[in-house]
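**Student:** So here's run16.cif (mmCIF, C-alpha atoms and all ligand atoms).
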```cif
data_upload
loop_
_atom_site.label_atom_id
_atom_site.label_comp_id
_atom_site.auth_asym_id
_atom_site.auth_seq_id
_atom_site.Cartn_x
_atom_site.Cartn_y
_atom_site.Cartn_z
CA MET A 100 0.00 0.00 0.00
CA HIS A 101 2.85 2.36 0.76
CA LYS A 102 5.20 1.23 -1.95
CA ASN A 103 5.05 4.58 -3.66
CA MET A 104 6.00 6.59 -0.65
CA LYS A 105 8.27 9.27 -1.83
CA SER A 106 9.70 10.36 1.46
CA GLY A 107 9.29 9.94 5.18
CA GLY A 108 11.26 6.73 5.60
CA SER A 109 10.10 3.16 5.91
CA LEU A 110 6.72 1.98 7.09
CA ASN A 111 8.33 1.03 10.37
CA ASP A 112 9.67 4.56 10.79
CA LEU A 113 6.21 5.93 10.06
CA ASN A 114 4.64 3.64 12.62
CA LEU A 115 7.20 4.65 15.24
CA ARG A 116 6.56 8.28 14.53
CA ALA A 117 2.79 7.78 14.77
CA VAL A 118 3.13 6.04 18.12
CA GLU A 119 5.41 8.75 19.47
CA ASN A 120 3.01 11.49 18.32
CA TYR A 121 0.20 9.64 20.01
CA ARG A 122 2.13 9.26 23.26
CA GLU A 123 3.14 12.90 23.24
CA TYR A 124 -0.53 13.89 22.90
CA LEU A 125 -1.46 11.50 25.72
CA ARG A 126 1.10 13.07 28.04
CA ILE A 127 -0.75 16.38 27.93
CA PRO A 128 -3.00 16.29 31.02
CA SER A 129 -6.09 17.81 29.40
CA VAL A 130 -8.14 16.47 32.26
CA HIS A 131 -11.29 17.88 33.83
CA PRO A 132 -11.91 20.09 35.70
CA ASP A 133 -10.50 23.51 34.67
CA ILE A 134 -8.54 22.41 31.65
CA ASN A 135 -5.87 24.61 30.16
CA TYR A 136 -5.88 23.65 26.48
CA ASP A 137 -2.72 25.61 25.56
CA ASP A 138 -0.48 22.55 25.37
CA CYS A 139 -3.00 20.66 23.23
CA VAL A 140 -3.24 23.59 20.84
CA ALA A 141 0.56 23.93 20.67
CA PHE A 142 0.88 20.20 19.98
CA LEU A 143 -1.72 20.31 17.20
CA LEU A 144 -0.13 23.38 15.63
CA ARG A 145 3.14 21.45 15.47
CA GLN A 146 1.31 18.51 13.89
CA ALA A 147 -0.24 20.76 11.25
CA ASP A 148 3.15 22.31 10.58
CA SER A 149 4.83 18.94 10.10
CA LEU A 150 2.03 17.89 7.72
CA GLN A 151 2.31 21.23 5.94
CA LEU A 152 -1.40 21.81 6.36
CA PRO A 153 -3.21 25.02 7.24
CA VAL A 154 -4.69 25.19 10.71
CA HIS A 155 -7.23 27.50 12.28
CA VAL A 156 -7.84 27.97 15.98
CA HIS A 157 -11.33 29.24 16.67
CA HIS A 158 -11.96 30.42 20.21
CA VAL A 159 -15.47 29.68 21.35
CA ARG A 160 -14.31 31.55 24.45
CA PRO A 161 -10.72 32.72 25.06
CA ASP A 162 -9.95 29.57 27.05
CA LYS A 163 -11.99 27.21 24.85
CA PRO A 164 -10.18 26.64 21.54
CA VAL A 165 -11.38 24.55 18.62
CA VAL A 166 -8.51 23.46 16.38
CA VAL A 167 -9.28 22.71 12.73
CA ILE A 168 -6.59 21.27 10.47
CA THR A 169 -7.53 21.34 6.81
CA TRP A 170 -6.46 19.21 3.88
CA GLU A 171 -7.85 20.85 0.80
CA GLY A 172 -9.32 18.61 -1.86
CA THR A 173 -8.98 18.93 -5.62
CA ASP A 174 -12.60 20.09 -5.76
CA PRO A 175 -13.00 22.31 -2.68
CA ILE A 176 -16.39 23.57 -3.82
CA LYS A 177 -17.89 20.22 -2.91
CA PRO A 178 -19.22 19.84 0.65
CA SER A 179 -16.36 18.81 2.91
CA ILE A 180 -15.69 15.91 5.25
CA LEU A 181 -15.29 16.64 8.96
CA LEU A 182 -13.37 14.22 11.19
CA ASN A 183 -13.93 15.19 14.80
CA SER A 184 -12.42 14.22 18.14
CA HIS A 185 -12.20 15.92 21.50
CA MET A 186 -9.12 17.05 23.41
CA ASP A 187 -10.49 16.73 26.95
CA VAL A 188 -10.46 13.63 29.11
CA VAL A 189 -12.43 12.62 32.19
CA PRO A 190 -10.89 12.81 35.69
CA VAL A 191 -8.59 10.11 37.03
CA PHE A 192 -8.13 8.31 40.32
CA GLU A 193 -4.41 7.73 40.14
CA HIS A 194 -4.29 5.00 42.79
CA GLU A 195 -6.45 2.82 40.56
CA TRP A 196 -4.01 2.97 37.67
CA THR A 197 -1.37 0.36 36.86
CA TYR A 198 0.84 3.13 35.43
CA PRO A 199 0.53 6.91 35.90
CA PRO A 200 -2.35 8.07 33.68
CA PHE A 201 -0.37 10.76 31.87
CA ASP A 202 2.91 8.94 31.34
CA ALA A 203 1.67 7.07 28.24
CA HIS A 204 3.64 4.07 29.41
CA MET A 205 4.13 1.40 26.77
CA ASP A 206 4.64 -2.15 28.00
CA GLU A 207 6.61 -4.90 26.28
CA GLN A 208 3.56 -6.00 24.30
CA GLY A 209 3.12 -2.50 22.95
CA ASN A 210 0.07 -1.68 25.08
CA ILE A 211 -0.11 2.01 25.92
CA TYR A 212 -1.66 3.12 29.19
CA ALA A 213 -3.11 6.61 29.46
CA ARG A 214 -6.31 8.49 30.16
CA GLY A 215 -7.84 9.49 26.86
CA ALA A 216 -5.97 6.77 24.97
CA GLN A 217 -9.23 5.61 23.40
CA ASP A 218 -11.52 8.47 24.26
CA THR A 219 -10.60 10.14 21.91
CA LYS A 220 -6.96 11.05 21.42
CA VAL A 221 -6.34 7.96 19.33
CA LEU A 222 -8.91 9.14 16.80
CA GLY A 223 -7.33 12.50 16.24
CA ILE A 224 -3.92 10.93 15.76
CA GLN A 225 -5.33 8.27 13.40
CA TYR A 226 -6.96 10.93 11.25
CA LEU A 227 -3.76 12.95 11.01
CA GLU A 228 -1.71 9.84 10.36
CA ALA A 229 -4.06 8.71 7.58
CA ILE A 230 -3.70 12.09 5.88
CA HIS A 231 0.05 11.95 6.38
CA ARG A 232 0.28 8.59 4.59
CA LEU A 233 -2.05 9.57 1.76
CA LYS A 234 0.04 12.68 1.19
CA LEU A 235 3.25 10.66 1.18
CA ASN A 236 1.67 8.42 -1.45
CA GLY A 237 0.98 11.45 -3.58
CA GLN A 238 -2.76 10.96 -3.21
CA ARG A 239 -5.31 13.70 -2.85
CA LEU A 240 -9.04 13.50 -2.27
CA SER A 241 -11.52 15.46 -4.30
CA ARG A 242 -13.28 16.70 -1.18
CA THR A 243 -11.65 18.87 1.43
CA VAL A 244 -11.11 17.14 4.78
CA HIS A 245 -11.23 19.08 8.04
CA VAL A 246 -9.88 17.43 11.18
CA SER A 247 -11.35 19.13 14.24
CA PHE A 248 -10.29 18.94 17.87
CA VAL A 249 -12.86 20.32 20.27
CA PRO A 250 -12.80 21.18 24.00
CA ASP A 251 -15.19 20.18 26.77
CA GLU A 252 -16.94 17.29 25.07
CA GLU A 253 -16.93 15.31 28.29
CA ILE A 254 -18.99 17.96 30.06
CA GLY A 255 -21.56 18.37 27.32
CA GLY A 256 -19.78 20.56 24.79
CA GLU A 257 -21.67 23.73 25.74
CA LEU A 258 -18.46 25.71 25.23
CA GLY A 259 -17.17 23.30 22.62
CA MET A 260 -18.84 21.81 19.58
CA LYS A 261 -22.28 22.99 20.62
CA LYS A 262 -21.28 26.61 20.35
CA TYR A 263 -18.80 26.11 17.54
CA VAL A 264 -21.42 24.74 15.11
CA ARG A 265 -23.25 28.05 15.37
CA SER A 266 -20.17 30.04 14.34
CA GLU A 267 -19.47 31.59 10.97
CA HIS A 268 -16.22 29.67 10.87
CA PHE A 269 -18.02 26.34 11.12
CA LYS A 270 -20.44 27.40 8.37
CA SER A 271 -17.47 28.29 6.19
CA LEU A 272 -16.28 24.67 6.37
CA ASN A 273 -19.33 23.65 4.31
CA VAL A 274 -19.49 20.25 5.98
CA GLY A 275 -21.42 17.62 4.07
CA PHE A 276 -20.45 14.56 6.07
CA ALA A 277 -18.91 14.04 9.50
CA LEU A 278 -17.47 11.26 11.58
CA ASP A 279 -17.53 11.71 15.32
CA GLU A 280 -16.39 9.77 18.34
CA ASN A 281 -16.45 6.01 17.98
CA VAL A 282 -14.61 3.05 19.38
CA SER A 283 -11.05 2.16 18.55
CA SER A 284 -10.33 -1.30 17.27
CA SER A 285 -7.41 -3.66 17.81
CA THR A 286 -8.26 -5.54 14.59
CA PRO A 287 -8.25 -4.40 10.95
CA THR A 288 -11.98 -3.69 11.30
CA PHE A 289 -12.61 0.02 11.80
CA VAL A 290 -15.97 0.87 13.28
CA VAL A 291 -17.36 4.19 12.16
CA ALA A 292 -19.99 6.28 13.85
CA PHE A 293 -21.88 9.14 12.32
CA ASP A 294 -23.06 10.54 15.60
CA GLU A 295 -22.16 10.58 19.28
CA LYS A 296 -23.16 7.39 21.05
CA ILE A 297 -26.82 8.27 21.32
CA LYS A 298 -29.52 6.40 23.16
CA LEU A 299 -31.91 4.20 21.30
CA GLY A 300 -35.29 4.56 22.95
CA LEU A 301 -37.43 1.44 23.19
CA MET A 302 -40.97 1.09 24.45
CA ILE A 303 -41.88 -2.36 25.71
CA LYS A 304 -45.54 -3.22 26.19
CA CYS A 305 -46.47 -6.24 28.29
CA LYS A 306 -50.06 -7.20 27.64
CA GLU A 307 -50.34 -10.04 30.11
CA ARG A 308 -51.62 -9.30 33.60
CA LEU A 309 -48.83 -9.37 36.14
CA ARG A 310 -49.20 -12.52 38.21
CA LYS A 311 -47.61 -11.47 41.47
CA PRO A 312 -50.55 -10.96 43.87
CA SER A 313 -48.92 -8.13 45.78
CA CYS A 314 -48.43 -6.12 42.65
CA ARG A 315 -51.36 -3.87 41.86
CA MET A 316 -50.25 -2.90 38.42
CA SER A 317 -52.87 -3.85 35.92
CA THR A 318 -52.95 -4.88 32.32
CA SER A 319 -50.15 -3.03 30.65
CA VAL A 320 -46.76 -1.79 31.57
CA THR A 321 -44.79 0.48 29.30
ZN ZN A 401 -15.37 10.83 24.32
#
```
Now that the file is in, can you turn its structure into structure tokens?
**Tutor:**
Amino acid sequence: MHKNMKSGGSLNDLNLRAVENYREYLRIPSVHPDINYDDCVAFLLRQADSLQLPVHVHHVRPDKPVVVITWEGTDPIKPSILLNSHMDVVPVFEHEWTYPPFDAHMDEQGNIYARGAQDTKVLGIQYLEAIHRLKLNGQRLSRTVHVSFVPDEEIGGELGMKKYVRSEHFKSLNVGFALDENVSSSTPTFVVAFDEKIKLGLMIKCKERLRKPSCRMSTSVT
């Protein structure tokens, strides 16, 4: 798949670089509450720079940045693709951890331990790495791809995506299709999600009379 890579070293070098980028991101303690996102933003600006891609930091509030890295397609008039992940992670109870949660320790099997490893720092790194490899292969998509990194998803996104989607900058992205948080996979199968893990509401009707004598509920339960 990567036979035509023009630069950037061997596949092994690329994999090592991807893992190190990932671990560097994991070492940033963007943990609730009261997150300072400066180090995340600085990290992502460096990523954009190394990919030679334009980046925009939109401040929903001065301390709530949304980082958007853009890979322009050959037909940028077409509606774009948005690949989203969030920078924040939920709190930790350090005594319950096998390794410190922001060390990004890698054991001999290659397992990496860190808060946010799956939710969702791995996604952001995968998206950037995919673009990196496509670029090295000299490939370009017809649609523009935006990779967004949002704050405060874990506390509802009020000062994150929820506010950002109402901004002029978001409208200017002309998003036609988006992938949001999903689950990472340790197999070649990649599960995609088109929306946050939303509830599926079910109504169950039991038409039989409940048999327990002490229960006064009558014919149907919903
Ligand atoms: Zn999440």
**Student:** Just want the residues within 9 Å of ligand ZN 401 (chain A), written as a ChimeraX atom specification, counting only C-alpha atoms and all ligand atoms.
**Tutor:** /A:184-189,215,217-220,252-253,280-281,295
**Student:** Using all atoms listed in the file, can you tell me which of A:Ser271, A:Ser266, A:Asn120, A:Ser179 comes closest to His158 in chain A?
**Tutor:**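 Ranked by minimum distance to His158 in chain A, first place goes to A:Ser266.
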**Student:** Would you list the contacts of Leu152 in chain A as an MDAnalysis selection string, taking every protein, DNA or RNA residue within 7 Å and counting only C-alpha atoms, but skipping same-chain residues closer than 6 positions in sequence?
**Tutor:** chainID A and resid 168:170
**Student:** Using all atoms listed in the file, find the one residue out of A:Ser247, A:Asn111, A:Ser149, A:Leu240 that sits nearest to Gly223 in chain A.
**Tutor:**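 Under the stated criterion, the closest residue is A:Ser247.
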**Student:** Distance CA of Ser283 in chain A-CA of Val159 in chain A, one decimal place?
**Tutor:**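 So the two atoms, CA of Ser283 in chain A and CA of Val159 in chain A, lie 28.0 Å apart.
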**Student:** Would you please work out which residue, of A:Ser284, A:Gly209, A:His157, A:Leu301, is nearest to Glu267 in chain A when using only C-alpha atoms?
**Tutor:**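 Using only C-alpha atoms, the shortest distance to Glu267 in chain A belongs to A:His157.
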**Student:** Between A:Gly259, A:Phe192, A:Leu110, A:Gln208, single out the one closest to Asn236 in chain A, counting only C-alpha atoms.
**Tutor:**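 Of A:Gly259, A:Phe192, A:Leu110, A:Gln208, the one nearest Asn236 in chain A, counting only C-alpha atoms, is A:Leu110.
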**Student:** What is the distance between CA of Asp251 in chain A and CA of Asn273 in chain A, in Å to one decimal?
**Tutor:**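 Distance between the two atoms: 23.1 Å.
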**Student:** For CA of Asp206 in chain A and CA of Val221 in chain A, quote the distance in Å rounded to one decimal.
**Tutor:** 17.3 Å
**Student:** Of the candidates A:Val165, A:Pro175, A:Gly275, A:Tyr212, which one gets nearest to Lys262 in chain A if we count all atoms listed in the file?
**Tutor:**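 Nearest candidate to Lys262 in chain A out of A:Val165, A:Pro175, A:Gly275, A:Tyr212: A:Val165.
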**Student:** Tell me which protein, DNA and RNA residues are within 8 Å of range 121-125 of chain A, counting only C-alpha atoms, leaving out same-chain ones fewer than 2 positions away, and put them as a list in words.
**Tutor:**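 Listed by chain and then number, they are Ala117, Val118, Glu119, Ile127, Pro128, Cys139, Phe142, Phe201, Asp202, Ala203, Ala213, Arg214, Gly215, Ala216, Lys220, Val221 and Ile224 of chain A.
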